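One structure is given below, encoded as structure tokens.
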Amino acid sequence: MLYTALYMAATRTQVYLTQEQRDRIEELRSRDGRTLAEVIRTALDEYLATHGRQAEERDLAERQRVLDETFGAFPDFEVPPRDEWDRFDRDWNRIEPDSAGH
């Protein structure tokens with residue numbers, strides 16, 4: 001009932017579900033005692049929180065935070081010349097011997 005009060009300005013929407021989707025929602029609904037609409041609104045809210053522009057902005061901000069916090073953490077790390085990058089795997093373990101046989 002509280003959810004309904006919060007969404008009084010909501011728009012009625014018709015959605016077609018597969019039988020499997022409907023059955024799975026019914027399982028959740030009956031187990032939790034929620035209405036079909038409550039289950040669908042909650043699922044949609046969770047989806048929207050992890051997709052779209054706002055989620056992308058949060059992800060970008062988190063990546064920037066990590067870069068800011070770790071910048072300069074290994075000042076003595078020696079990066080091989082670019083023409084040798086294909087001799088290493090993603091963890092910088094040598095996978096191809098260099099010209100000196102190392």
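Please note that chains go A, B, ... in the order of the structure tokens, that every chain numbers its residues from 1, and that ligands are numbered from 1 in the order shown.
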
Which residues in region 7-83 of chain A does DSSP call alpha helix (DSSP H)? List them as a ChimeraX atom specification. /A:19-32,36-50,53-70

**Study point:** Atomic distance CA of Asp23 (chain A) - CA of Leu48 (chain A), expressed in Å with one decimal
**Key:**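 If I compute the distance from CA of Asp23 (chain A) to CA of Leu48 (chain A), I get 22.7 Å.
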
Handout entry: Option closest in space to Phe77 (chain A), from A:Glu26, A:Gln64, A:Trp92, A:Leu44 [counting only C-alpha atoms]
Key =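 Among the listed residues, A:Trp92 lies closest to Phe77 (chain A).
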
Distance of CA of Leu17 (chain A) from CA of Arg41 (chain A), expressed in Å to one decimal place: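 Between CA of Arg41 (chain A) and CA of Leu17 (chain A) the gap is 14.1 Å.
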
Would you mind reading off the distance between CA of Thr18 (chain A) and CA of Gln54 (chain A), one decimal, in Å?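 Computing the Euclidean distance for CA of Thr18 (chain A) and CA of Gln54 (chain A) yields 29.2 Å.
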